[in-house]
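Q: So that we are looking at the same thing, I have put the structure below in structure tokens.
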Amino acid sequence: MEKKNDFFEQVWEVVKLIPYSRVTSYGAIARYLGTAGAARTVGYAMNASHRSATQIPAHRVLNRNGMLTGKHHFGTDRLMQQLLESESIVVENDIVVNFDQLFWDPNKELF
DNA sequence: TTGCTGACCGACG
DNA sequence: CCGTCGGCCAGCA
């Protein structure tokens, strides 16, 4: 039977397409893939991103509030914030400042 | 094989 | 405003 890992690969591909100093949300990616509501699966794909051959900038993927919900999965809690700050992204109280401006919607940018 | 869980989101009361 | 529930997909016991 064919494996449906395409979903994961699609998620990873979109995440890798996120430009520098930009962020997006799990739901936006899920909706872009045509599976709105499967945002949890997108997050799960991030958790499994470690098995991807290429590096996945999972730190650029946040929830709709711009909160670093998955920071605990980066090994250390500050790693995710450090990575974001390293891209000139301001993080305050585990929330990305100017999230609206930094938000990169694949549904808009891509087609 | 069934059932539960998870880095989520939107709707409902 | 806050708490709760259903839905989506994949991995594990």
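Order determines the names: the first chain of the structure tokens is A, the second B, and so forth; residues in each chain are numbered 1 upward, and ligands are numbered 1 upward as they are shown.
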Any chance you could tabulate, as JSON lines, the residues of chain C at most 12 Å from chain A with each one's nearest atom pair and distance in Å to one decimal, using only C-alpha atoms (C1' of nucleotides), in chain and rising number order?

A:
```
{"residue": "C:DG6", "atom": "C1'", "partner": "A:Gly37", "partner_atom": "CA", "distance": 10.4}
{"residue": "C:DG7", "atom": "C1'", "partner": "A:Gly37", "partner_atom": "CA", "distance": 6.4}
{"residue": "C:DC8", "atom": "C1'", "partner": "A:Ala38", "partner_atom": "CA", "distance": 4.0}
{"residue": "C:DC9", "atom": "C1'", "partner": "A:Thr41", "partner_atom": "CA", "distance": 5.2}
{"residue": "C:DA10", "atom": "C1'", "partner": "A:Thr41", "partner_atom": "CA", "distance": 7.0}
{"residue": "C:DG11", "atom": "C1'", "partner": "A:Tyr44", "partner_atom": "CA", "distance": 9.4}
```

Q: Please provide the set of residues having any atom within 7 Å of His59 in chain A, restricted to only C-alpha atoms (C1' of nucleotides), with same-chain residues fewer than 5 positions apart removed, written as a list in words.

A: Met80, Leu83 and Leu84 of chain A

Q: Using only C-alpha atoms (C1' of nucleotides), which protein or nucleic acid residues come within 12 Å of DT4 in chain C? Drop anything in the same chain fewer than 5 positions from it, and give the result as JSON, numbers by chain.

A: {"B": [11, 12, 13]}

Q: Got a sec to pull out which chain B residues are within 7 Å of chain A, counting only C-alpha atoms (C1' of nucleotides), and send them as a PDB file with N, CA and C atoms (P, O5', C5', C4', C3', O3' and C1' of nucleotides), in the first residue's frame?

A:
```pdb
ATOM      1  P    DG B   6      -1.036  14.172  25.278  1.00  0.00           P
ATOM      2  O5'  DG B   6      -0.496  14.816  23.908  1.00  0.00           O
ATOM      3  C5'  DG B   6       0.776  14.433  23.384  1.00  0.00           C
ATOM      4  C4'  DG B   6       0.953  15.030  21.991  1.00  0.00           C
ATOM      5  C3'  DG B   6       0.639  16.532  21.942  1.00  0.00           C
ATOM      6  O3'  DG B   6       1.698  17.263  21.321  1.00  0.00           O
ATOM      7  C1'  DG B   6      -0.574  15.346  20.275  1.00  0.00           C
ATOM      8  P    DA B   7       2.509  18.217  22.403  1.00  0.00           P
ATOM      9  O5'  DA B   7       2.953  19.415  21.488  1.00  0.00           O
ATOM     10  C5'  DA B   7       2.666  20.754  21.839  1.00  0.00           C
ATOM     11  C4'  DA B   7       2.852  21.624  20.608  1.00  0.00           C
ATOM     12  C3'  DA B   7       1.867  21.320  19.480  1.00  0.00           C
ATOM     13  O3'  DA B   7       1.178  22.506  19.154  1.00  0.00           O
ATOM     14  C1'  DA B   7       4.073  21.535  18.644  1.00  0.00           C
ATOM     15  P    DC B   8      -0.168  22.847  19.927  1.00  0.00           P
ATOM     16  O5'  DC B   8      -1.065  23.181  18.662  1.00  0.00           O
ATOM     17  C5'  DC B   8      -0.487  23.438  17.388  1.00  0.00           C
ATOM     18  C4'  DC B   8      -1.593  23.721  16.399  1.00  0.00           C
ATOM     19  C3'  DC B   8      -2.373  24.998  16.717  1.00  0.00           C
ATOM     20  O3'  DC B   8      -2.522  25.791  15.557  1.00  0.00           O
ATOM     21  C1'  DC B   8      -3.839  23.146  16.563  1.00  0.00           C
ATOM     22  P    DC B   9      -3.220  27.215  15.718  1.00  0.00           P
ATOM     23  O5'  DC B   9      -4.706  26.850  15.289  1.00  0.00           O
ATOM     24  C5'  DC B   9      -4.936  26.366  13.974  1.00  0.00           C
ATOM     25  C4'  DC B   9      -6.425  26.283  13.698  1.00  0.00           C
ATOM     26  C3'  DC B   9      -7.187  27.552  14.110  1.00  0.00           C
ATOM     27  O3'  DC B   9      -8.046  27.954  13.070  1.00  0.00           O
ATOM     28  C1'  DC B   9      -8.157  25.638  15.122  1.00  0.00           C
TER      29       DC B   9
END
```

Q: Quick one: residues within 10 Å of DC4 in chain B, only C-alpha atoms (C1' of nucleotides) counted, chain neighbours fewer than 2 positions away excluded, as number ranges by chain?

A: B: 2, 6; C: 12-13

Q: How would the residues just chosen look if you wrote them out with C-alpha atoms (C1' of nucleotides) as a tab-separated table (two decimals), in the first residue's frame?

A:
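Saved file out24.tsv follows:
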```
chain	number	residue	atom	x	y	z
B	2	DT	C1'	-8.88	-0.54	18.41
B	6	DG	C1'	-0.57	15.35	20.27
C	12	DC	C1'	2.37	3.79	19.33
C	13	DA	C1'	0.77	0.13	22.99
```

Q: Just to confirm, what's the straight-line distance from CA of Thr54 in chain A to CA of Gly75 in chain A in Å (one decimal)?

A: 18.1 Å

Q: Record the distance separating CA of Leu110 in chain A and CA of Val96 in chain A, expressed in Å with one decimal.

A: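 Between these atoms lies a distance of 22.7 Å.
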
Q: Quote the spacing between CA of Trp104 in chain A and CA of Trp12 in chain A in Å to one decimal place.

A: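 For CA of Trp104 in chain A relative to CA of Trp12 in chain A, the distance reads 15.0 Å.
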
Q: Taking the backbone alone, and naming residues the way the document does, which bits of range 1-103 of chain A are alpha helix (DSSP H) by DSSP, as a PDB file with N, CA and C atoms, in the first residue's frame?

A:
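Saved the output as selection27.pdb:
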```pdb
ATOM      1  N   ASP A   6       3.114  11.718   2.090  1.00  0.00           N
ATOM      2  CA  ASP A   6       3.120  12.938   1.288  1.00  0.00           C
ATOM      3  C   ASP A   6       2.731  14.136   2.139  1.00  0.00           C
ATOM      4  N   PHE A   7       1.827  13.930   3.034  1.00  0.00           N
ATOM      5  CA  PHE A   7       1.353  15.020   3.875  1.00  0.00           C
ATOM      6  C   PHE A   7       2.522  15.620   4.647  1.00  0.00           C
ATOM      7  N   PHE A   8       3.316  14.780   5.259  1.00  0.00           N
ATOM      8  CA  PHE A   8       4.472  15.256   6.004  1.00  0.00           C
ATOM      9  C   PHE A   8       5.441  15.980   5.082  1.00  0.00           C
ATOM     10  N   GLU A   9       5.698  15.386   3.948  1.00  0.00           N
ATOM     11  CA  GLU A   9       6.641  15.998   3.014  1.00  0.00           C
ATOM     12  C   GLU A   9       6.125  17.342   2.530  1.00  0.00           C
ATOM     13  N   GLN A  10       4.830  17.420   2.305  1.00  0.00           N
ATOM     14  CA  GLN A  10       4.230  18.675   1.885  1.00  0.00           C
ATOM     15  C   GLN A  10       4.423  19.726   2.962  1.00  0.00           C
ATOM     16  N   VAL A  11       4.171  19.331   4.185  1.00  0.00           N
ATOM     17  CA  VAL A  11       4.330  20.256   5.306  1.00  0.00           C
ATOM     18  C   VAL A  11       5.770  20.742   5.377  1.00  0.00           C
ATOM     19  N   TRP A  12       6.699  19.818   5.288  1.00  0.00           N
ATOM     20  CA  TRP A  12       8.119  20.172   5.375  1.00  0.00           C
ATOM     21  C   TRP A  12       8.498  21.102   4.237  1.00  0.00           C
ATOM     22  N   GLU A  13       7.958  20.820   3.066  1.00  0.00           N
ATOM     23  CA  GLU A  13       8.298  21.647   1.907  1.00  0.00           C
ATOM     24  C   GLU A  13       7.832  23.081   2.110  1.00  0.00           C
ATOM     25  N   VAL A  14       6.618  23.213   2.583  1.00  0.00           N
ATOM     26  CA  VAL A  14       6.078  24.552   2.835  1.00  0.00           C
ATOM     27  C   VAL A  14       6.895  25.270   3.898  1.00  0.00           C
ATOM     28  N   VAL A  15       7.226  24.563   4.951  1.00  0.00           N
ATOM     29  CA  VAL A  15       8.007  25.159   6.041  1.00  0.00           C
ATOM     30  C   VAL A  15       9.372  25.620   5.522  1.00  0.00           C
ATOM     31  N   LYS A  16       9.949  24.821   4.647  1.00  0.00           N
ATOM     32  CA  LYS A  16      11.256  25.185   4.101  1.00  0.00           C
ATOM     33  C   LYS A  16      11.151  26.390   3.177  1.00  0.00           C
ATOM     34  N   TYR A  26       0.471  26.843  12.064  1.00  0.00           N
ATOM     35  CA  TYR A  26       0.156  25.456  11.699  1.00  0.00           C
ATOM     36  C   TYR A  26      -1.119  25.418  10.853  1.00  0.00           C
ATOM     37  N   GLY A  27      -2.094  26.173  11.259  1.00  0.00           N
ATOM     38  CA  GLY A  27      -3.374  26.172  10.559  1.00  0.00           C
ATOM     39  C   GLY A  27      -3.241  26.664   9.129  1.00  0.00           C
ATOM     40  N   ALA A  28      -2.381  27.676   8.923  1.00  0.00           N
ATOM     41  CA  ALA A  28      -2.182  28.232   7.580  1.00  0.00           C
ATOM     42  C   ALA A  28      -1.597  27.163   6.668  1.00  0.00           C
ATOM     43  N   ILE A  29      -0.664  26.420   7.180  1.00  0.00           N
ATOM     44  CA  ILE A  29      -0.053  25.350   6.381  1.00  0.00           C
ATOM     45  C   ILE A  29      -1.073  24.260   6.095  1.00  0.00           C
ATOM     46  N   ALA A  30      -1.815  23.902   7.118  1.00  0.00           N
ATOM     47  CA  ALA A  30      -2.832  22.854   6.952  1.00  0.00           C
ATOM     48  C   ALA A  30      -3.843  23.275   5.892  1.00  0.00           C
ATOM     49  N   ARG A  31      -4.234  24.543   5.937  1.00  0.00           N
ATOM     50  CA  ARG A  31      -5.219  25.021   4.982  1.00  0.00           C
ATOM     51  C   ARG A  31      -4.632  25.078   3.579  1.00  0.00           C
ATOM     52  N   TYR A  32      -3.369  25.436   3.497  1.00  0.00           N
ATOM     53  CA  TYR A  32      -2.707  25.505   2.194  1.00  0.00           C
ATOM     54  C   TYR A  32      -2.667  24.113   1.550  1.00  0.00           C
ATOM     55  N   ALA A  39      -4.452  20.926  11.593  1.00  0.00           N
ATOM     56  CA  ALA A  39      -3.306  21.686  12.111  1.00  0.00           C
ATOM     57  C   ALA A  39      -2.515  20.838  13.098  1.00  0.00           C
ATOM     58  N   ARG A  40      -3.187  20.009  13.838  1.00  0.00           N
ATOM     59  CA  ARG A  40      -2.495  19.142  14.795  1.00  0.00           C
ATOM     60  C   ARG A  40      -1.557  18.215  14.070  1.00  0.00           C
ATOM     61  N   THR A  41      -1.993  17.726  12.929  1.00  0.00           N
ATOM     62  CA  THR A  41      -1.133  16.842  12.144  1.00  0.00           C
ATOM     63  C   THR A  41       0.089  17.603  11.652  1.00  0.00           C
ATOM     64  N   VAL A  42      -0.091  18.877  11.331  1.00  0.00           N
ATOM     65  CA  VAL A  42       1.046  19.700  10.914  1.00  0.00           C
ATOM     66  C   VAL A  42       2.056  19.793  12.051  1.00  0.00           C
ATOM     67  N   GLY A  43       1.558  20.023  13.234  1.00  0.00           N
ATOM     68  CA  GLY A  43       2.439  20.076  14.398  1.00  0.00           C
ATOM     69  C   GLY A  43       3.127  18.742  14.605  1.00  0.00           C
ATOM     70  N   TYR A  44       2.399  17.680  14.365  1.00  0.00           N
ATOM     71  CA  TYR A  44       2.976  16.353  14.507  1.00  0.00           C
ATOM     72  C   TYR A  44       4.057  16.150  13.457  1.00  0.00           C
ATOM     73  N   ALA A  45       3.839  16.696  12.278  1.00  0.00           N
ATOM     74  CA  ALA A  45       4.841  16.603  11.208  1.00  0.00           C
ATOM     75  C   ALA A  45       6.112  17.321  11.625  1.00  0.00           C
ATOM     76  N   MET A  46       5.954  18.406  12.352  1.00  0.00           N
ATOM     77  CA  MET A  46       7.110  19.147  12.860  1.00  0.00           C
ATOM     78  C   MET A  46       7.874  18.281  13.847  1.00  0.00           C
ATOM     79  N   ASN A  47       7.125  17.579  14.680  1.00  0.00           N
ATOM     80  CA  ASN A  47       7.751  16.704  15.660  1.00  0.00           C
ATOM     81  C   ASN A  47       8.541  15.607  14.952  1.00  0.00           C
ATOM     82  N   ASP A  77      14.193  25.064  26.098  1.00  0.00           N
ATOM     83  CA  ASP A  77      13.082  26.002  25.940  1.00  0.00           C
ATOM     84  C   ASP A  77      13.496  27.288  25.240  1.00  0.00           C
ATOM     85  N   ARG A  78      14.757  27.693  25.436  1.00  0.00           N
ATOM     86  CA  ARG A  78      15.146  28.978  24.823  1.00  0.00           C
ATOM     87  C   ARG A  78      15.612  28.830  23.397  1.00  0.00           C
ATOM     88  N   LEU A  79      15.932  27.628  22.966  1.00  0.00           N
ATOM     89  CA  LEU A  79      16.472  27.441  21.617  1.00  0.00           C
ATOM     90  C   LEU A  79      15.574  28.051  20.552  1.00  0.00           C
ATOM     91  N   MET A  80      14.300  27.772  20.628  1.00  0.00           N
ATOM     92  CA  MET A  80      13.365  28.296  19.633  1.00  0.00           C
ATOM     93  C   MET A  80      13.380  29.819  19.633  1.00  0.00           C
ATOM     94  N   GLN A  81      13.335  30.403  20.806  1.00  0.00           N
ATOM     95  CA  GLN A  81      13.343  31.868  20.889  1.00  0.00           C
ATOM     96  C   GLN A  81      14.655  32.424  20.365  1.00  0.00           C
ATOM     97  N   GLN A  82      15.744  31.735  20.680  1.00  0.00           N
ATOM     98  CA  GLN A  82      17.055  32.199  20.216  1.00  0.00           C
ATOM     99  C   GLN A  82      17.115  32.185  18.697  1.00  0.00           C
ATOM    100  N   LEU A  83      16.594  31.119  18.110  1.00  0.00           N
ATOM    101  CA  LEU A  83      16.599  30.999  16.653  1.00  0.00           C
ATOM    102  C   LEU A  83      15.793  32.140  16.031  1.00  0.00           C
ATOM    103  N   LEU A  84      14.659  32.442  16.624  1.00  0.00           N
ATOM    104  CA  LEU A  84      13.814  33.521  16.106  1.00  0.00           C
ATOM    105  C   LEU A  84      14.521  34.867  16.268  1.00  0.00           C
ATOM    106  N   GLU A  85      15.083  35.095  17.442  1.00  0.00           N
ATOM    107  CA  GLU A  85      15.785  36.365  17.686  1.00  0.00           C
ATOM    108  C   GLU A  85      16.981  36.490  16.759  1.00  0.00           C
ATOM    109  N   PHE A  99       3.575  39.886  15.124  1.00  0.00           N
ATOM    110  CA  PHE A  99       3.295  38.601  14.467  1.00  0.00           C
ATOM    111  C   PHE A  99       2.549  38.831  13.149  1.00  0.00           C
ATOM    112  N   ASP A 100       1.650  39.801  13.143  1.00  0.00           N
ATOM    113  CA  ASP A 100       0.876  40.092  11.926  1.00  0.00           C
ATOM    114  C   ASP A 100       1.783  40.489  10.774  1.00  0.00           C
ATOM    115  N   GLN A 101       2.799  41.297  11.090  1.00  0.00           N
ATOM    116  CA  GLN A 101       3.696  41.761  10.027  1.00  0.00           C
ATOM    117  C   GLN A 101       4.600  40.630   9.560  1.00  0.00           C
ATOM    118  N   LEU A 102       5.082  39.841  10.499  1.00  0.00           N
ATOM    119  CA  LEU A 102       6.004  38.758  10.164  1.00  0.00           C
ATOM    120  C   LEU A 102       5.286  37.537   9.615  1.00  0.00           C
TER     121      LEU A 102
END
```

Q: Which is closest to Gly34 in chain A among A:Pro19, A:Pro106, A:Gly66, A:Pro57, if we use only C-alpha atoms?

A: A:Pro106
